[in-house]
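Data from my_file18.cif: mmCIF, C-alpha atoms
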data_start
#
loop_
_atom_site.label_atom_id
_atom_site.label_comp_id
_atom_site.auth_asym_id
_atom_site.auth_seq_id
_atom_site.Cartn_x
_atom_site.Cartn_y
_atom_site.Cartn_z
CA MET A 1087 33.25 -13.48 2.91
CA LYS A 1088 30.11 -13.70 0.75
CA ASN A 1089 28.13 -14.91 3.78
CA ILE A 1090 29.37 -12.03 5.96
CA SER A 1091 28.40 -9.50 3.26
CA PHE A 1092 24.90 -11.00 3.00
CA PHE A 1093 24.47 -10.95 6.78
CA THR A 1094 25.56 -7.28 6.93
CA PHE A 1095 23.06 -6.51 4.14
CA VAL A 1096 20.24 -8.12 6.17
CA ILE A 1097 21.10 -6.11 9.29
CA LEU A 1098 21.25 -2.88 7.21
CA LEU A 1099 17.87 -3.68 5.66
CA PHE A 1100 16.34 -3.95 9.13
CA LEU A 1101 17.88 -0.66 10.26
CA ILE A 1102 16.64 1.12 7.11
CA SER A 1103 13.12 -0.22 7.66
CA ALA A 1104 13.29 1.01 11.27
CA CYS A 1105 14.06 4.54 10.11
CA ASN A 1106 11.36 4.51 7.45
CA GLN A 1107 8.07 4.29 9.29
CA GLY A 1108 4.97 6.40 8.84
CA ASN A 1109 1.22 6.29 9.25
CA ASP A 1110 0.31 9.49 7.50
CA LYS A 1111 -2.16 8.72 4.77
CA SER A 1112 -5.09 10.94 3.78
CA SER A 1113 -6.73 9.09 0.92
CA GLY A 1114 -10.15 7.42 0.59
CA ILE A 1115 -12.21 10.05 2.44
CA LYS A 1116 -15.97 9.64 1.87
CA ALA A 1117 -17.96 12.57 0.45
CA ASP A 1118 -20.54 12.56 3.27
CA THR A 1119 -17.92 12.87 6.01
CA ALA A 1120 -18.96 15.18 8.85
CA ARG A 1121 -16.49 17.69 10.28
CA VAL A 1122 -16.47 17.71 14.06
CA ALA A 1123 -14.54 19.91 16.48
CA VAL A 1124 -12.90 18.84 19.72
CA LEU A 1125 -14.59 21.59 21.77
CA THR A 1126 -18.10 20.66 20.58
CA PHE A 1127 -17.49 16.92 20.21
CA GLU A 1128 -19.67 15.78 23.12
CA ARG A 1129 -22.66 17.78 21.80
CA GLN A 1130 -22.25 16.53 18.21
CA ALA A 1131 -21.34 12.91 18.94
CA ASP A 1132 -24.73 11.29 19.66
CA THR A 1133 -26.06 12.16 16.18
CA LEU A 1134 -22.98 10.84 14.37
CA VAL A 1135 -22.56 7.34 15.83
CA ASN A 1136 -21.11 4.92 13.23
CA LYS A 1137 -20.72 7.75 10.70
CA ALA A 1138 -17.53 8.97 9.01
CA VAL A 1139 -16.00 12.07 10.63
CA ILE A 1140 -12.95 14.31 10.38
CA ILE A 1141 -11.51 16.01 13.44
CA GLU A 1142 -8.46 18.15 14.13
CA GLY A 1143 -6.63 18.57 17.40
CA THR A 1144 -3.37 18.51 19.32
CA VAL A 1145 -2.21 15.12 20.57
CA LEU A 1146 -2.17 15.17 24.38
CA HIS A 1147 -1.44 11.52 25.09
CA THR A 1148 -0.71 8.24 23.32
CA CYS A 1149 -1.17 4.83 24.91
CA LYS A 1150 2.12 3.33 26.14
CA HIS A 1151 0.78 -0.21 25.75
CA GLY A 1152 1.23 -0.65 22.00
CA GLY A 1153 0.04 2.82 20.91
CA LYS A 1154 -3.47 1.62 20.13
CA ARG A 1155 -5.16 4.86 21.24
CA MET A 1156 -4.45 8.57 21.62
CA PHE A 1157 -6.27 11.61 22.99
CA ILE A 1158 -6.53 14.93 21.22
CA VAL A 1159 -7.41 18.35 22.67
CA ASP A 1160 -7.81 21.87 21.36
CA GLY A 1161 -6.02 24.60 23.35
CA THR A 1162 -7.19 23.33 26.72
CA ASP A 1163 -7.36 19.82 28.17
CA SER A 1164 -10.90 20.21 29.56
CA ILE A 1165 -12.30 18.26 26.59
CA ARG A 1166 -10.36 15.25 25.29
CA VAL A 1167 -11.38 13.12 22.35
CA GLU A 1168 -10.27 9.50 22.30
CA ILE A 1169 -8.95 8.18 19.00
CA THR A 1170 -8.40 4.44 18.56
CA ALA A 1171 -6.18 2.92 15.87
CA GLY A 1172 -8.15 1.26 13.07
CA GLU A 1173 -6.98 -1.68 10.99
CA LYS A 1174 -4.74 0.41 8.70
CA ILE A 1175 -2.88 2.24 11.47
CA THR A 1176 0.13 0.51 12.98
CA LYS A 1177 0.33 2.65 16.12
CA PHE A 1178 0.11 6.14 17.56
CA ASP A 1179 3.71 6.83 18.44
CA GLU A 1180 4.63 8.98 21.43
CA SER A 1181 6.50 11.35 19.09
CA LEU A 1182 3.03 12.60 18.01
CA ILE A 1183 2.44 14.22 21.40
CA GLY A 1184 2.14 17.99 20.94
CA SER A 1185 1.59 17.71 17.17
CA ARG A 1186 -1.53 19.00 15.44
CA VAL A 1187 -3.23 16.11 13.64
CA LYS A 1188 -6.16 15.66 11.28
CA VAL A 1189 -7.95 12.36 11.85
CA TYR A 1190 -10.40 10.63 9.53
CA GLY A 1191 -12.45 7.80 10.99
CA THR A 1192 -15.74 6.44 12.29
CA LEU A 1193 -17.42 7.77 15.41
CA LYS A 1194 -18.04 4.98 17.92
CA GLU A 1195 -20.17 4.81 21.06
CA GLU A 1196 -19.32 2.71 24.10
CA ARG A 1197 -22.14 2.17 26.56
CA ILE A 1198 -21.39 1.58 30.20
CA ASP A 1199 -24.08 0.23 32.48
CA ALA A 1200 -24.27 -1.07 36.07
CA LYS A 1201 -23.31 -4.62 34.99
CA TYR A 1202 -20.17 -3.35 33.21
CA LEU A 1203 -19.14 -1.34 36.29
CA ASN A 1204 -19.62 -4.40 38.54
CA GLU A 1205 -17.46 -6.55 36.24
CA TRP A 1206 -14.81 -3.83 36.03
CA GLU A 1207 -14.73 -3.54 39.84
CA ALA A 1208 -14.26 -7.32 40.16
CA GLU A 1209 -11.40 -7.18 37.66
CA VAL A 1210 -9.67 -4.26 39.41
CA LYS A 1211 -9.79 -6.18 42.70
CA LYS A 1212 -7.90 -9.12 41.15
CA PRO A 1213 -4.11 -9.17 41.79
CA ALA A 1214 -3.26 -9.01 38.10
CA GLU A 1215 -5.20 -6.17 36.54
CA ASN A 1216 -6.26 -6.14 32.96
CA HIS A 1217 -5.22 -2.87 31.35
CA ASP A 1218 -7.92 -3.12 28.68
CA ALA A 1219 -10.73 -3.02 31.18
CA GLY A 1220 -12.27 0.29 32.16
CA VAL A 1221 -12.52 3.76 30.72
CA HIS A 1222 -9.45 5.56 29.41
CA SER A 1223 -9.48 9.26 30.22
CA GLY A 1224 -6.17 10.45 28.73
CA ALA A 1225 -5.49 12.46 31.89
CA LYS A 1226 -1.88 12.81 33.08
CA GLY A 1227 -0.87 9.58 34.83
CA HIS A 1228 -4.13 7.70 34.12
CA GLU A 1229 -2.18 4.63 32.94
CA ASP A 1230 -0.35 4.45 36.25
CA GLN A 1231 -3.51 4.49 38.39
CA GLY A 1232 -3.52 2.33 41.49
CA VAL A 1233 -6.38 0.06 42.59
CA GLN A 1234 -7.93 2.73 44.85
CA ASP A 1235 -7.86 5.34 42.04
CA LYS A 1236 -9.68 2.92 39.76
CA LEU A 1237 -12.26 2.08 42.43
CA ASP A 1238 -12.83 5.83 42.96
CA GLN A 1239 -13.32 6.22 39.20
CA ILE A 1240 -15.85 3.35 39.18
CA ASN A 1241 -17.78 4.89 42.08
CA ALA A 1242 -17.79 8.29 40.36
CA LEU A 1243 -19.22 6.65 37.23
CA ARG A 1244 -21.87 4.90 39.35
CA ALA A 1245 -22.89 8.32 40.71
CA ASP A 1246 -22.97 9.78 37.16
CA LEU A 1247 -25.11 6.86 36.01
CA LYS A 1248 -27.56 7.38 38.88
CA ASN A 1249 -27.76 11.14 38.20
CA SER A 1250 -28.27 10.63 34.46
CA GLY A 1251 -31.61 8.88 35.01
CA LYS A 1252 -30.71 6.47 32.19
CA ASP A 1253 -29.62 2.82 32.32
CA HIS A 1254 -26.26 3.58 30.68
CA LEU A 1255 -23.59 6.23 30.18
CA SER A 1256 -22.29 6.88 26.66
CA PHE A 1257 -18.61 7.40 25.88
CA TYR A 1258 -17.70 8.45 22.37
CA SER A 1259 -14.47 7.89 20.48
CA ILE A 1260 -13.25 7.88 16.90
CA GLU A 1261 -11.84 4.76 15.28
CA ALA A 1262 -9.23 6.24 12.95
CA MET A 1263 -8.89 4.98 9.39
CA ASN A 1264 -6.02 7.35 8.71
CA PHE A 1265 -4.49 10.54 10.03
CA SER A 1266 -1.96 13.18 9.05
CA VAL A 1267 0.23 15.55 11.02
CA ILE A 1268 -0.62 19.14 10.13
CA LYS A 1269 2.30 20.80 11.88
CA MET B 26 10.72 -45.71 8.25
CA GLN B 27 13.62 -46.74 10.45
CA ILE B 28 14.36 -44.98 13.75
CA LYS B 29 17.74 -43.89 12.39
CA THR B 30 16.15 -42.20 9.35
CA LEU B 31 13.52 -40.55 11.52
CA ARG B 32 16.20 -39.15 13.80
CA ARG B 33 18.17 -37.83 10.80
CA TRP B 34 15.05 -35.99 9.56
CA ASN B 35 14.33 -34.74 13.08
CA ASN B 36 17.84 -33.28 13.44
CA ALA B 37 17.80 -31.73 9.97
CA LEU B 38 14.41 -30.13 10.67
CA HIS B 39 15.66 -28.82 14.01
CA ARG B 40 18.81 -27.40 12.42
CA ASP B 41 17.10 -25.62 9.49
CA ILE B 42 14.12 -24.27 11.43
CA GLY B 43 16.62 -23.12 14.07
CA TYR B 44 18.45 -21.05 11.45
CA LEU B 45 15.17 -19.62 10.12
CA CYS B 46 13.90 -18.71 13.57
CA PHE B 47 17.14 -17.08 14.75
CA GLY B 48 16.19 -13.48 13.86
CA MET B 49 12.62 -13.58 15.17
CA THR B 50 13.70 -15.36 18.36
CA LEU B 51 16.14 -12.56 19.15
CA ILE B 52 13.50 -9.92 18.35
CA TYR B 53 10.91 -11.52 20.63
CA ALA B 54 13.41 -12.30 23.39
CA ILE B 55 14.91 -8.78 23.52
CA SER B 56 11.57 -6.97 23.32
CA GLY B 57 10.17 -9.56 25.77
CA ILE B 58 12.72 -8.49 28.39
CA VAL B 59 11.88 -4.81 27.79
CA LEU B 60 8.09 -5.33 27.89
CA ASN B 61 8.43 -7.56 30.96
CA HIS B 62 10.18 -4.79 32.86
CA PHE B 63 7.80 -2.15 31.49
CA LYS B 64 4.83 -4.19 32.79
CA SER B 65 6.62 -4.56 36.15
CA GLY B 66 6.95 -0.78 36.36
CA ASP B 67 10.75 -0.63 35.91
CA PHE B 68 10.39 1.49 32.75
CA LEU B 69 7.96 4.35 32.18
CA HIS B 70 7.76 3.64 28.46
CA PRO B 71 8.92 0.63 26.42
CA ASP B 72 10.08 2.68 23.40
CA TYR B 73 11.62 5.73 25.12
CA SER B 74 13.91 6.26 28.07
CA LYS B 75 12.79 9.23 30.14
CA SER B 76 14.44 11.53 32.63
CA PHE B 77 12.93 14.27 34.78
CA ARG B 78 14.27 17.50 36.23
CA GLU B 79 12.53 19.93 38.58
CA TYR B 80 12.72 23.72 38.27
CA THR B 81 11.04 26.74 39.81
CA VAL B 82 9.85 29.26 37.22
CA PRO B 83 8.18 32.69 37.59
CA LEU B 84 4.38 32.73 37.44
CA PRO B 85 2.66 34.55 34.55
CA LYS B 86 2.23 38.25 35.36
CA ALA B 87 -1.32 38.67 34.08
CA GLY B 88 -2.36 35.30 35.47
CA ASN B 89 -2.78 33.79 32.01
CA ALA B 90 -0.28 31.40 30.53
CA ASP B 91 0.03 32.67 26.95
CA GLN B 92 2.64 32.09 24.26
CA THR B 93 4.92 34.85 25.63
CA TYR B 94 4.89 33.20 29.05
CA VAL B 95 5.52 29.76 27.52
CA PHE B 96 8.57 31.09 25.64
CA SER B 97 9.90 32.77 28.80
CA VAL B 98 9.71 29.42 30.63
CA LEU B 99 11.48 27.65 27.75
CA ASP B 100 14.20 30.32 27.68
CA LYS B 101 14.85 29.73 31.36
CA LEU B 102 15.11 25.98 30.72
CA HIS B 103 17.16 26.49 27.51
CA GLU B 104 14.58 24.44 25.59
CA ARG B 105 13.10 27.04 23.20
CA ASP B 106 14.65 25.35 20.16
CA HIS B 107 12.60 22.23 20.93
CA TYR B 108 9.20 24.01 21.19
CA LYS B 109 6.24 22.27 19.52
CA SER B 110 2.98 23.52 21.10
CA TYR B 111 1.27 24.06 24.44
CA ILE B 112 -2.08 23.52 26.14
CA THR B 113 -3.55 24.97 29.30
CA GLY B 114 -5.48 23.17 32.02
CA GLU B 115 -6.91 24.02 35.41
CA GLY B 116 -3.95 25.46 37.31
CA TYR B 117 -1.26 24.31 34.90
CA VAL B 118 0.26 24.68 31.46
CA GLN B 119 1.82 21.82 29.54
CA ILE B 120 4.42 22.68 26.93
CA PHE B 121 5.23 20.06 24.31
CA LEU B 122 8.78 19.75 23.01
CA THR B 123 10.23 17.67 20.21
CA ASN B 124 12.18 15.73 22.86
CA GLY B 125 9.73 15.75 25.78
CA SER B 126 7.51 18.19 27.63
CA VAL B 127 7.38 20.74 30.44
CA TYR B 128 4.59 20.68 33.02
CA VAL B 129 4.24 23.96 34.95
CA ASP B 130 2.08 24.11 38.09
CA LEU B 131 0.64 27.64 37.93
CA THR B 132 -0.22 27.67 41.63
CA ASN B 133 3.40 27.54 42.82
CA GLY B 134 5.69 27.84 39.76
CA GLN B 135 7.04 24.29 40.06
CA ALA B 136 8.05 23.00 36.63
CA GLN B 137 8.93 19.47 35.63
CA LEU B 138 10.97 18.94 32.47
CA GLU B 139 10.56 15.49 30.96
CA THR B 140 13.22 14.55 28.42
CA LYS B 141 12.85 11.42 26.34
CA THR B 142 15.28 9.52 24.16
CA THR B 143 14.15 7.00 21.57
CA ARG B 144 15.30 3.42 22.13
CA TYR B 145 16.04 2.80 18.46
CA VAL B 146 15.86 -0.82 17.27
CA ILE B 147 14.16 -1.85 20.58
CA LYS B 148 11.23 0.37 19.51
CA GLU B 149 10.96 -1.52 16.23
CA PHE B 150 11.30 -4.87 18.03
CA ASN B 151 8.43 -3.85 20.34
CA MET B 152 6.33 -2.90 17.33
CA LEU B 153 6.76 -6.42 15.95
CA HIS B 154 6.16 -8.00 19.36
CA TYR B 155 2.89 -6.08 19.83
CA ASN B 156 1.86 -6.99 16.25
CA ASN B 157 1.20 -3.34 15.42
CA LEU B 158 1.77 -4.16 11.75
CA LYS B 159 -1.23 -6.57 11.66
CA LYS B 160 -2.10 -7.82 8.11
CA PHE B 161 0.40 -10.42 6.77
CA TYR B 162 2.65 -10.06 9.82
CA THR B 163 -0.02 -11.91 11.84
CA TRP B 164 0.41 -14.90 9.51
CA PHE B 165 4.19 -14.61 9.58
CA SER B 166 4.35 -14.48 13.38
CA ASP B 167 1.95 -17.46 13.60
CA LEU B 168 4.32 -19.32 11.31
CA PHE B 169 7.21 -18.36 13.58
CA ALA B 170 5.27 -19.65 16.61
CA ALA B 171 4.65 -22.94 14.75
CA GLY B 172 8.41 -23.03 14.03
CA LEU B 173 9.16 -22.65 17.75
CA ILE B 174 6.75 -25.50 18.58
CA THR B 175 8.53 -27.67 16.01
CA LEU B 176 11.92 -26.67 17.45
CA ALA B 177 10.78 -27.58 20.96
CA ILE B 178 9.47 -31.00 19.90
CA THR B 179 12.36 -31.94 17.60
CA GLY B 180 14.81 -30.71 20.27
CA LEU B 181 13.59 -33.45 22.60
CA PHE B 182 14.77 -36.19 20.25
CA ILE B 183 18.19 -34.94 19.11
CA LEU B 184 20.25 -36.85 21.66
CA ARG B 185 20.09 -40.56 22.49
CA GLY B 186 21.18 -42.38 25.61
CA LYS B 187 21.50 -41.10 29.18
CA ASN B 188 21.47 -37.43 28.15
CA GLY B 189 18.41 -37.87 25.89
CA ILE B 190 14.70 -37.63 26.57
CA ILE B 191 14.60 -40.97 28.39
CA GLY B 192 17.42 -39.92 30.75
CA ARG B 193 18.62 -36.54 32.01
CA GLY B 194 16.58 -34.77 29.33
CA ALA B 195 13.33 -36.02 30.87
CA TRP B 196 14.17 -34.46 34.24
CA LEU B 197 15.16 -31.11 32.73
CA THR B 198 12.04 -31.05 30.53
CA ALA B 199 9.87 -31.80 33.57
CA ILE B 200 11.53 -28.97 35.54
CA GLY B 201 10.83 -26.58 32.65
CA ILE B 202 7.13 -27.47 32.81
CA ILE B 203 6.85 -27.53 36.60
CA ILE B 204 8.35 -24.04 37.19
CA PRO B 205 5.67 -22.08 35.21
CA ALA B 206 2.98 -24.37 36.70
CA LEU B 207 4.18 -23.47 40.22
CA PHE B 208 3.97 -19.75 39.38
CA LEU B 209 0.38 -20.24 38.28
CA ILE B 210 -0.49 -22.21 41.42
CA PHE B 211 1.04 -19.67 43.82
CA TYR B 212 0.08 -16.43 42.08
CA MET B 213 -3.39 -17.13 40.70
#
Output the file's structure as C-alpha cells, nothing else.
Amino acid sequence: MKNISFFTFVILLFLISACNQGNDKSSGIKADTARVAVLTFERQADTLVNKAVIIEGTVLHTCKHGGKRMFIVDGTDSIRVEITAGEKITKFDESLIGSRVKVYGTLKEERIDAKYLNEWEAEVKKPAENHDAGVHSGAKGHEDQGVQDKLDQINALRADLKNSGKDHLSFYSIEAMNFSVIK
Amino acid sequence: MQIKTLRRWNNALHRDIGYLCFGMTLIYAISGIVLNHFKSGDFLHPDYSKSFREYTVPLPKAGNADQTYVFSVLDKLHERDHYKSYITGEGYVQIFLTNGSVYVDLTNGQAQLETKTTRYVIKEFNMLHYNNLKKFYTWFSDLFAAGLITLAITGLFILRGKNGIIGRGAWLTAIGIIIPALFLIFYM
C-alpha cells in the first residue's frame, strides 16, 4: 500500500511539473541595451551586431523541431525577425503564436557566401535532408519545403549575392536571453 | 573473483539499474515513437494535434482587412471568443486564436481554420527528449544513456546455457546488430 501511494505521488509530481512551465523572465537587462523595431530591423541591424537589444513583436511562427527559434512581425508579415533560443530559454512553444512578446537578447549576423550555398545545395540533394542547414524564413509552410523549393531558394540567394556586388549576404537574428509575453 | 560471484553482481546491477531507468526509458520510447512519425510526416506537429476546416467568407468591403473585418470573419466561424491578434500579408490576413488560427485568402474569400489540441504529457516527454531543459538535464540524460549501456551489457550475461550469450542469445544479439547495419547499407 505504501509503495502504491509513493508511485502515485511520483506520477502526480510529473503531471504538476508538466502544468507548471514558463520561460518568461525579464531580469538582468544591461543599461546600454538598444531598442530596435521589427519594421526598421534590417536598417538598424548592421550597426548592432553582437550588441544587446530589445525588440517587441507578434509571434508569427515557432519552430516545430524543438522550438529553438521563432519569428516575430509587426502588423504585417513583410518583415520578419528571427529569434533563436539562448541558453536560458527552454523552447518557444507554439502557444506563443499570435502573442505580443518583448525579447531581450544579442543581435547576431550570419554570413552566407558562394561556398555555403554550394554545400547547402549538396546537402539538399542528399536523400536524408538536414533540417538545420539553410536559411529559415518563417514563411507559412517553410518547414515543409520540398527539395525543388529549397533548390529554388538557393538559386534565388545566388542571384541576390551576385546583385549585391559583395562576397556574402548578411542575415540578422536575435539570440534571446529572455522574453516576456506582453498580451 | 569467482564466475558465480561475478554473475550475481551482474544480475543485481541489471535489476537495480533496470528499476532506475524505467521512467526515462518510457519517456524516451513514447516520445521516440511520436518524433519518429513527426519526422516521417505523419504528424504536423509533435506537441499538438491539428485539424483543418475550409470555409468561404465575404471579402472586406473597403478592400482592407481591418479589425472589424477580422471580427466579422470570426463571428461567421463562431471563433470570436478565441481571438488573440491578426496580421496582414500580400493578399491574405492571418487571424491568431488561442486554439489555432484562421488564414483568409483575400483574393477569393477562401478561409482555412486550423484548430490545435495540446498533447499533454507527450509534449513534456518531447521536451525532455529534445533536451530543451539543457543545464543539469544534459548530465542526467547522459547518466541515463550510460545506464542503458550498462543494462545492455549486463543483460547479455544474465542467463547461462543454451539460452545464454553462447547459445540462442548470440544469434538474437547478432540479428539486433545486423538489422540496423542493413538499413545503413541500403539507405545511405
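One finds CA of Lys1154 in chain A at 21.1 Å from CA of Thr123 in chain B.
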>> Need the shell around Pro85 in chain B: protein/DNA/RNA residues with any atom at most 12 Å away, counting only C-alpha atoms. Skip same-chain ones fewer than 3 positions apart. Format as a VMD selection string?
In response: chain B and resid 82 88 to 98 116 to 118 129 to 134
Preceding selection exported with C-alpha atoms as a PDB file, keeping the file's coordinate frame:
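Below you can see part_26.pdb, which holds the result:
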ATOM      1  CA  VAL B  82       9.850  29.260  37.220  1.00  0.00           C
ATOM      2  CA  GLY B  88      -2.360  35.300  35.470  1.00  0.00           C
ATOM      3  CA  ASN B  89      -2.780  33.790  32.010  1.00  0.00           C
ATOM      4  CA  ALA B  90      -0.280  31.400  30.530  1.00  0.00           C
ATOM      5  CA  ASP B  91       0.030  32.670  26.950  1.00  0.00           C
ATOM      6  CA  GLN B  92       2.640  32.090  24.260  1.00  0.00           C
ATOM      7  CA  THR B  93       4.920  34.850  25.630  1.00  0.00           C
ATOM      8  CA  TYR B  94       4.890  33.200  29.050  1.00  0.00           C
ATOM      9  CA  VAL B  95       5.520  29.760  27.520  1.00  0.00           C
ATOM     10  CA  PHE B  96       8.570  31.090  25.640  1.00  0.00           C
ATOM     11  CA  SER B  97       9.900  32.770  28.800  1.00  0.00           C
ATOM     12  CA  VAL B  98       9.710  29.420  30.630  1.00  0.00           C
ATOM     13  CA  GLY B 116      -3.950  25.460  37.310  1.00  0.00           C
ATOM     14  CA  TYR B 117      -1.260  24.310  34.900  1.00  0.00           C
ATOM     15  CA  VAL B 118       0.260  24.680  31.460  1.00  0.00           C
ATOM     16  CA  VAL B 129       4.240  23.960  34.950  1.00  0.00           C
ATOM     17  CA  ASP B 130       2.080  24.110  38.090  1.00  0.00           C
ATOM     18  CA  LEU B 131       0.640  27.640  37.930  1.00  0.00           C
ATOM     19  CA  THR B 132      -0.220  27.670  41.630  1.00  0.00           C
ATOM     20  CA  ASN B 133       3.400  27.540  42.820  1.00  0.00           C
ATOM     21  CA  GLY B 134       5.690  27.840  39.760  1.00  0.00           C
TER      22      GLY B 134
END
> What residues in chain B have any atom no more than 10 Å from chain A when counting all atoms listed in the file, and can you write them as a ChimeraX atom specification?
Replying inline: /B:48,60,63-64,66,69-73,108-115,118-126,141,143,145-152,154-160,212-213
>> Could you list, as a count of residues only, every residue within 12 Å of Asn1204 in chain A, counting only C-alpha atoms and ignoring same-chain residues fewer than 4 positions away?
In response: 14
> Quick one, how far is CA of Ala1123 in chain A from CA of Val1267 in chain A?
Replying inline: 16.3 Å
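The residue that comes closest to Gly1191 in chain A, out of A:Lys1236, A:Lys1137, A:Arg1129, A:Arg1166 and on the basis of only C-alpha atoms, is A:Lys1137.
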